[in-house]
>>> print(open('structure12.csv').read())   # CSV, C-alpha atoms
chain,number,residue,atom,x,y,z
Z,1,MET,CA,25.5,2.9,21.2
Z,2,GLU,CA,24.0,1.0,18.3
Z,3,ASN,CA,26.6,-0.6,16.0
Z,4,LYS,CA,26.0,0.6,12.5
Z,5,PRO,CA,27.5,-0.9,9.3
Z,6,LYS,CA,30.5,0.9,7.9
Z,7,THR,CA,29.3,3.1,5.0
Z,8,ASP,CA,32.3,5.4,4.2
Z,9,GLU,CA,32.8,3.5,0.9
Z,10,TRP,CA,29.1,3.5,0.0
Z,11,ASN,CA,28.8,6.8,-1.9
Z,12,ALA,CA,27.6,6.4,-5.4
Z,13,THR,CA,27.6,10.2,-5.8
Z,14,LEU,CA,31.4,10.0,-6.3
Z,15,ASN,CA,30.9,8.2,-9.5
Z,16,GLY,CA,29.7,11.2,-11.4
Z,17,ASP,CA,27.2,14.1,-11.6
Z,18,TYR,CA,23.8,12.5,-11.5
Z,19,LEU,CA,20.4,13.1,-10.0
Z,20,TRP,CA,19.6,10.5,-7.3
Z,21,SER,CA,16.3,9.7,-5.5
Z,22,ASN,CA,15.3,7.2,-2.9
Z,23,VAL,CA,11.6,7.7,-3.3
Z,24,ASN,CA,9.9,4.3,-2.8
Z,25,PHE,CA,13.3,2.8,-1.7
Z,26,GLY,CA,13.2,5.0,1.3
Z,27,GLU,CA,9.9,3.5,2.4
Z,28,ALA,CA,11.2,0.0,2.2
Z,29,VAL,CA,14.7,0.4,3.5
Z,30,THR,CA,14.2,2.4,6.7
Z,31,LYS,CA,17.7,1.9,8.3
Z,32,THR,CA,21.3,1.7,7.1
Z,33,MET,CA,21.7,-1.5,5.2
Z,34,THR,CA,24.1,-4.2,6.2
Z,35,PRO,CA,26.5,-5.5,3.5
Z,36,LEU,CA,24.4,-8.7,3.3
Z,37,THR,CA,21.2,-6.8,2.5
Z,38,TRP,CA,23.0,-4.6,-0.1
Z,39,SER,CA,24.5,-7.6,-1.8
Z,40,VAL,CA,21.0,-9.2,-2.1
Z,41,ILE,CA,19.6,-5.9,-3.5
Z,42,GLN,CA,22.4,-5.8,-6.0
Z,43,PHE,CA,21.7,-9.4,-7.1
Z,44,THR,CA,18.0,-8.7,-7.3
Z,45,LEU,CA,18.4,-5.7,-9.6
Z,46,ASP,CA,21.5,-6.7,-11.5
Z,47,ASP,CA,19.7,-7.1,-14.8
Z,48,TRP,CA,17.6,-4.0,-14.4
Z,49,ILE,CA,20.3,-2.2,-16.4
Z,50,TYR,CA,19.7,0.3,-19.2
Z,51,LEU,CA,23.2,1.8,-19.8
Z,52,PRO,CA,26.2,-0.6,-19.5
Z,53,GLY,CA,28.5,0.6,-16.8
Z,54,TYR,CA,25.9,2.7,-15.1
Z,55,PRO,CA,24.0,0.9,-12.3
Z,56,THR,CA,20.4,1.9,-12.2
Z,57,VAL,CA,20.5,1.7,-8.4
Z,58,GLY,CA,23.4,3.1,-6.3
Z,59,ASN,CA,24.3,3.0,-2.6
Z,60,ILE,CA,24.6,6.4,-0.8
Z,61,GLY,CA,25.4,6.2,2.9
Z,62,GLY,CA,24.0,2.7,3.2
Z,63,TYR,CA,20.7,3.5,1.5
Z,64,PRO,CA,19.6,2.5,-2.1
Z,65,TYR,CA,19.0,5.4,-4.5
Z,66,LEU,CA,17.7,5.4,-8.1
Z,67,ASN,CA,19.8,7.1,-10.8
Z,68,ILE,CA,17.3,9.5,-12.4
Z,69,SER,CA,20.0,10.7,-14.9
Z,70,ILE,CA,19.9,7.4,-16.6
Z,71,PHE,CA,16.2,7.7,-17.4
Z,72,ALA,CA,16.6,11.4,-18.4
Z,73,SER,CA,19.4,10.4,-20.8
Z,74,LEU,CA,17.5,7.6,-22.4
Z,75,PHE,CA,14.4,9.8,-22.8
Z,76,LYS,CA,16.5,12.3,-24.7
Z,77,ALA,CA,18.0,9.6,-26.8
Z,78,ILE,CA,14.5,8.4,-28.0
Z,79,GLY,CA,13.3,11.9,-28.7
Z,80,ARG,CA,11.2,12.4,-25.6
Z,81,ASN,CA,11.2,15.7,-23.8
Z,82,GLN,CA,11.6,16.5,-20.1
Z,83,GLN,CA,7.9,16.7,-19.6
Z,84,ASP,CA,7.5,13.1,-20.7
Z,85,LEU,CA,10.2,12.2,-18.2
Z,86,LEU,CA,8.5,14.1,-15.4
Z,87,GLU,CA,5.2,12.3,-16.1
Z,88,PHE,CA,7.0,8.9,-16.1
Z,89,MET,CA,8.6,9.7,-12.8
Z,90,GLU,CA,5.3,10.8,-11.3
Z,91,GLY,CA,3.3,7.9,-12.6
Z,92,THR,CA,5.8,5.2,-11.8
Z,93,LEU,CA,7.6,6.4,-8.7
Z,94,TYR,CA,5.0,8.9,-7.2
Z,95,MET,CA,7.8,11.4,-7.5
Z,96,ARG,CA,7.0,14.9,-8.7
Z,97,LEU,CA,10.1,16.9,-9.9
Z,98,PRO,CA,9.9,20.6,-10.5
Z,99,ASN,CA,9.4,21.4,-14.1
Z,100,GLU,CA,12.5,23.7,-14.1
Z,101,MET,CA,14.8,21.2,-12.5
Z,102,GLN,CA,18.0,20.7,-14.5
Z,103,ILE,CA,18.8,17.0,-14.6
Z,104,PRO,CA,22.4,16.1,-15.3
Z,105,LEU,CA,22.6,14.0,-18.5
Z,106,ILE,CA,25.0,11.2,-19.3
Z,107,PRO,CA,26.8,11.8,-22.6
Z,108,LEU,CA,25.9,8.9,-24.9
Z,109,SER,CA,27.8,7.7,-27.9
Z,110,LEU,CA,25.9,6.3,-30.8
Z,111,LYS,CA,26.9,2.8,-29.6
Z,112,MET,CA,25.9,3.4,-26.0
Z,113,ALA,CA,22.6,5.0,-27.1
Z,114,PHE,CA,21.8,1.9,-29.3
Z,115,SER,CA,22.7,-0.4,-26.3
Z,116,GLY,CA,20.5,1.6,-24.1
Z,117,LEU,CA,17.5,1.4,-26.4
Z,118,ARG,CA,18.0,-2.4,-26.8
Z,119,ASN,CA,18.1,-2.7,-23.0
Z,120,LEU,CA,15.0,-0.6,-22.7
Z,121,ALA,CA,13.2,-3.0,-25.0
Z,122,ARG,CA,14.5,-5.9,-23.0
Z,123,VAL,CA,13.3,-4.4,-19.7
Z,124,GLN,CA,9.8,-3.7,-21.2
Z,125,ASN,CA,9.5,-7.2,-22.5
Z,126,LYS,CA,10.4,-8.7,-19.1
Z,127,GLN,CA,7.9,-6.3,-17.4
Z,128,ARG,CA,5.1,-7.4,-19.8
Z,129,ARG,CA,5.8,-11.1,-19.0
Z,130,GLY,CA,5.8,-10.2,-15.3
Z,131,ILE,CA,2.4,-8.6,-15.6
Z,132,LYS,CA,1.1,-11.8,-17.1
Z,133,ARG,CA,2.5,-13.8,-14.2
Z,134,LEU,CA,1.0,-11.5,-11.6
Z,135,PRO,CA,-2.2,-13.5,-10.7
Z,136,ASP,CA,-0.4,-16.8,-10.4
Z,137,TYR,CA,2.5,-15.3,-8.5
Z,138,LEU,CA,0.2,-13.7,-5.9
Z,139,ALA,CA,-1.9,-16.9,-5.6
Z,140,ASN,CA,1.1,-19.2,-5.1
Z,141,ASN,CA,3.8,-17.1,-3.5
Z,142,LEU,CA,2.9,-17.9,0.1
Z,143,GLU,CA,2.8,-21.6,-0.4
Z,144,TRP,CA,6.1,-21.5,-2.4
Z,145,PHE,CA,7.8,-19.8,0.5
Z,146,LYS,CA,6.5,-22.3,3.0
Z,147,GLN,CA,7.7,-25.2,0.9
Z,148,THR,CA,11.1,-23.7,0.1
Z,149,ARG,CA,11.7,-22.8,3.7
Z,150,ALA,CA,11.0,-26.4,4.7
Z,151,GLN,CA,13.4,-27.6,2.0
Z,152,ILE,CA,16.1,-25.3,3.2
Z,153,GLU,CA,15.7,-26.6,6.8
Z,154,ALA,CA,15.7,-30.2,5.6
Z,155,GLU,CA,18.8,-30.0,3.4
Z,156,GLU,CA,22.0,-31.3,5.1
Z,157,SER,CA,24.7,-30.6,2.4
Z,158,LYS,CA,26.1,-27.4,1.0
Z,159,SER,CA,25.8,-28.8,-2.6
Z,160,ALA,CA,22.1,-29.5,-2.1
Z,161,LEU,CA,21.6,-25.9,-0.9
Z,162,VAL,CA,23.5,-24.5,-3.9
Z,163,THR,CA,21.3,-26.6,-6.2
Z,164,LEU,CA,18.2,-25.4,-4.5
Z,165,TRP,CA,19.3,-21.8,-4.9
Z,166,ARG,CA,20.1,-22.2,-8.6
Z,167,ASN,CA,17.1,-24.2,-9.6
Z,168,GLU,CA,14.3,-22.8,-7.4
Z,169,ILE,CA,15.1,-19.7,-5.3
Z,170,LYS,CA,17.0,-17.6,-7.8
Z,171,PRO,CA,14.5,-17.9,-10.6
Z,172,HIS,CA,11.6,-17.2,-8.2
Z,173,ILE,CA,13.3,-14.0,-7.0
Z,174,LYS,CA,13.9,-12.8,-10.5
Z,175,ASP,CA,10.3,-13.6,-11.5
Z,176,GLY,CA,9.1,-11.6,-8.5
Z,177,VAL,CA,11.3,-8.6,-9.3
Z,178,TRP,CA,9.9,-8.4,-12.9
Z,179,THR,CA,6.4,-8.9,-11.7
Z,180,ALA,CA,6.7,-6.0,-9.2
Z,181,LEU,CA,8.5,-3.7,-11.7
Z,182,GLY,CA,5.9,-4.6,-14.4
Z,183,ALA,CA,3.0,-3.8,-12.1
Z,184,ALA,CA,4.5,-0.5,-11.1
Z,185,THR,CA,5.2,0.6,-14.7
Z,186,TYR,CA,1.9,-0.6,-16.3
Z,187,SER,CA,-0.3,1.0,-13.6
Z,188,SER,CA,1.4,4.4,-14.1
Z,189,ASP,CA,-1.0,5.6,-16.8
Z,190,TYR,CA,-4.2,5.6,-14.8
Z,191,THR,CA,-2.5,6.4,-11.4
Z,192,LEU,CA,-1.0,9.5,-13.0
Z,193,LYS,CA,-4.3,10.7,-14.4
Z,194,LEU,CA,-6.1,10.0,-11.1
Z,195,ARG,CA,-3.4,11.6,-9.0
Z,196,ARG,CA,-3.6,14.8,-11.0
Z,197,GLU,CA,-7.4,15.0,-10.8
Z,198,LEU,CA,-7.2,14.5,-7.0
Z,199,SER,CA,-4.4,17.0,-6.7
Z,200,ALA,CA,-6.6,19.6,-8.3
Z,201,LEU,CA,-9.3,18.9,-5.7
Z,202,VAL,CA,-7.3,18.3,-2.4
Z,203,GLY,CA,-3.7,19.1,-3.1
Z,204,ASP,CA,-0.6,17.0,-3.8
Z,205,GLU,CA,-0.1,15.7,-0.2
Z,206,ASP,CA,-3.6,14.5,0.3
Z,207,ALA,CA,-3.8,13.1,-3.2
Z,208,ASN,CA,-0.8,10.9,-2.6
Z,209,ILE,CA,-2.4,9.6,0.7
Z,210,LEU,CA,-5.6,8.8,-1.1
Z,211,ILE,CA,-3.8,7.0,-4.0
Z,212,ALA,CA,-1.7,5.0,-1.5
Z,213,ASN,CA,-4.8,3.8,0.4
Z,214,LEU,CA,-7.2,2.8,-2.3
Z,215,SER,CA,-9.4,0.0,-1.2
Z,216,ASP,CA,-13.0,-1.1,-1.0
Z,217,ASP,CA,-15.2,-3.0,1.4
Z,218,THR,CA,-14.3,-6.4,-0.1
Z,219,GLU,CA,-10.6,-6.0,-0.8
Z,220,LEU,CA,-8.5,-3.8,1.5
Z,221,LEU,CA,-5.1,-2.5,0.4
Z,222,PRO,CA,-2.5,-5.1,1.6
Z,223,SER,CA,-0.7,-2.4,3.7
Z,224,LEU,CA,-3.8,-2.0,5.8
Z,225,GLU,CA,-4.4,-5.7,6.4
Z,226,PRO,CA,-2.0,-6.2,9.4
Z,227,ILE,CA,-3.7,-3.5,11.5
Z,228,MET,CA,-7.1,-4.7,10.5
Z,229,GLY,CA,-6.1,-8.3,11.3
Z,230,LEU,CA,-5.3,-7.2,14.9
Z,231,ALA,CA,-8.9,-5.9,15.1
Z,232,LYS,CA,-10.3,-9.2,13.8
Z,233,ILE,CA,-8.2,-11.2,16.3
Z,234,THR,CA,-9.5,-9.0,19.1
Z,235,ASN,CA,-13.1,-9.6,17.8
Z,236,GLY,CA,-12.6,-13.3,17.5
Z,237,GLU,CA,-12.9,-13.2,13.8
Z,238,LEU,CA,-9.3,-14.4,13.0
Z,239,THR,CA,-7.0,-16.9,14.6
Z,240,ARG,CA,-3.5,-16.1,15.8
Z,241,GLU,CA,-2.0,-18.8,13.6
Z,242,PHE,CA,-3.5,-17.4,10.5
Z,243,TYR,CA,-2.4,-13.9,11.4
Z,244,LEU,CA,1.2,-15.0,12.0
Z,245,GLU,CA,1.2,-16.9,8.7
Z,246,GLN,CA,0.0,-13.9,6.7
Z,247,PHE,CA,1.7,-11.0,8.4
Z,248,GLY,CA,4.5,-12.5,10.6
Z,249,HIS,CA,7.1,-11.2,8.1
Z,250,ARG,CA,5.9,-7.6,8.1
Z,251,GLY,CA,7.6,-4.8,10.1
Z,252,PRO,CA,9.5,-1.6,9.8
Z,253,HIS,CA,12.8,-3.4,9.0
Z,254,GLU,CA,11.4,-6.2,6.8
Z,255,PHE,CA,13.9,-5.4,4.0
Z,256,GLU,CA,16.9,-5.8,6.3
Z,257,LEU,CA,18.1,-9.4,6.2
Z,258,SER,CA,20.1,-9.2,9.4
Z,259,VAL,CA,17.0,-8.5,11.4
Z,260,SER,CA,14.8,-11.5,12.5
Z,261,ARG,CA,11.3,-11.7,11.2
Z,262,PRO,CA,8.7,-10.6,13.8
Z,263,VAL,CA,7.2,-14.1,13.8
Z,264,GLU,CA,10.5,-15.4,15.2
Z,265,ASP,CA,9.8,-13.5,18.4
Z,266,SER,CA,7.3,-15.5,20.5
Z,267,GLN,CA,6.2,-12.3,22.3
Z,268,TRP,CA,5.7,-10.2,19.2
Z,269,LEU,CA,2.0,-10.8,18.5
Z,270,ASP,CA,1.1,-10.4,22.1
Z,271,GLN,CA,2.8,-7.0,22.2
Z,272,GLU,CA,1.1,-5.9,19.0
Z,273,LEU,CA,-2.3,-6.9,20.4
Z,274,SER,CA,-1.5,-5.1,23.6
Z,275,ASN,CA,-0.6,-1.9,21.8
Z,276,PHE,CA,-3.7,-2.2,19.6
Z,277,GLN,CA,-6.0,-2.7,22.6
Z,278,ALA,CA,-4.5,0.2,24.4
Z,279,SER,CA,-5.4,2.5,21.5
Z,280,PRO,CA,-8.8,4.2,21.6
Z,281,VAL,CA,-9.0,4.5,17.8
Z,282,ASN,CA,-11.7,2.6,16.1
Z,283,ILE,CA,-9.9,1.6,12.9
Z,284,ALA,CA,-13.0,0.5,10.9
Z,285,ALA,CA,-14.8,3.7,11.7
Z,286,LEU,CA,-11.7,5.8,10.8
Z,287,LEU,CA,-11.4,4.1,7.4
Z,288,GLY,CA,-15.1,4.4,6.8
Z,289,CYS,CA,-15.5,0.8,5.9
Z,290,VAL,CA,-16.7,-2.5,7.2
Z,291,LEU,CA,-14.3,-5.2,8.1
Z,292,PRO,CA,-14.5,-7.9,5.4
Z,293,ASN,CA,-15.5,-11.4,6.4
>>> encode(input="structure12.csv", output="structure tokens")
Amino acid sequence: MENKPKTDEWNATLNGDYLWSNVNFGEAVTKTMTPLTWSVIQFTLDDWIYLPGYPTVGNIGGYPYLNISIFASLFKAIGRNQQDLLEFMEGTLYMRLPNEMQIPLIPLSLKMAFSGLRNLARVQNKQRRGIKRLPDYLANNLEWFKQTRAQIEAEESKSALVTLWRNEIKPHIKDGVWTALGAATYSSDYTLKLRRELSALVGDEDANILIANLSDDTELLPSLEPIMGLAKITNGELTREFYLEQFGHRGPHEFELSVSRPVEDSQWLDQELSNFQASPVNIAALLGCVLPN
């Protein structure tokens, strides 16, 4: 029997009457988190706080959940109605809530409401700065990880590792968080409009699939690149070394820090290629596109 982390104390629903959702989180965290992973998620999002004393993300049964009641309470405090909230949830999180859903609200004193509005402005400012960093972050992120990993392996003292964490790793993680949050928030306006137009044509489920797989002949959606890369290795268009460098960290449990990266298994790529070659599906034809050079 698989040993699973103890989760009987991980139940954020005991903290109050709130609406929780693990949309998006559920796609990234596919198994019960270990305490290590949860502690890193807490650190990563510890300044994504709107209401003091109310964590934006809670742990329920070993999985991260977003507290929707916080957003509903803030929207009410700034004079926005529930329809505005529903559009925000749909555009940012791809989550469609029923119009008639009653969302539990957090009673806000004048002081707490003011603090929430101040934090809202702070979060939006960090997201705007994150958007400006996005091109450089994407261009330099892979090389940064390679260099930092080499530094970690070369360090021989605990104090040097602590210094590396404080001066290099921690700031980079925080920059990445706000870059990702900013990209999600500031793309919501056009994705919401497009999703609704598609929903009217093909229905909600197919609209979400289409939105999630937007790409063109020259720039595929990153989530499609690992499987397309296997096809290119098979066709002799891509080296194994390049594939491992680009996609060796990807996998169903990539968010779980206790699980080794696929690239650390010397047999992983051979197994992936074997599975791909055993499949009769023509990926390029299925997607209706030409593999980019």
>>> residues_around(input="structure12.csv", residues="Ile152 in chain Z", least_positions_apart="3", cutoff="12 Å", atoms="all atoms listed in the file", output="VMD selection string")
chain Z and resid 145 to 149 155 to 165 168 to 169
>>> closest_residue(input="structure12.csv", among="Z:Leu86, Z:Ala231, Z:Leu45, Z:Val57", to="Leu181 in chain Z", atoms="only C-alpha atoms")
Z:Leu45
>>> closest_residue(input="structure12.csv", among="Z:Asn59, Z:Thr92, Z:Thr34, Z:Ile78", to="Leu110 in chain Z", atoms="all atoms listed in the file")
Z:Ile78
>>> closest_residue(input="structure12.csv", among="Z:Leu194, Z:Ile106, Z:Ala77, Z:Leu66", to="Leu93 in chain Z", atoms="all atoms listed in the file")
Z:Leu66
>>> residues_around(input="structure12.csv", residues="range 19-27 of chain Z", least_positions_apart="3", cutoff="10 Å", atoms="only C-alpha atoms", output="number ranges by chain")
Z: 12-13, 16, 30-31, 56-60, 63-70, 72, 92-95, 102-105, 252-253, 255
>>> atom_distance(input="structure12.csv", atom1="CA of Lys111 in chain Z", atom2="CA of Val177 in chain Z")
28.0 Å
>>> atom_distance(input="structure12.csv", atom1="CA of Arg261 in chain Z", atom2="CA of His249 in chain Z")
5.2 Å
>>> atom_distance(input="structure12.csv", atom1="CA of Gly53 in chain Z", atom2="CA of Asp175 in chain Z")
23.7 Å
>>> closest_residue(input="structure12.csv", among="Z:Gly62, Z:Ala184, Z:Gly176, Z:Lys170", to="Leu36 in chain Z", atoms="all atoms listed in the file")
Z:Gly62
>>> closest_residue(input="structure12.csv", among="Z:Asn119, Z:Ile173, Z:Met33, Z:Ile49", to="Ser258 in chain Z", atoms="only C-alpha atoms")
Z:Met33
>>> residues_around(input="structure12.csv", residues="Gln82 in chain Z", least_positions_apart="5", cutoff="9 Å", atoms="all atoms listed in the file", output="MDAnalysis selection string")
chainID Z and resid 72 75:76 87 99
>>> closest_residue(input="structure12.csv", among="Z:Gly203, Z:Gly182, Z:Pro107, Z:Pro55", to="Ile41 in chain Z", atoms="only C-alpha atoms")
Z:Pro55
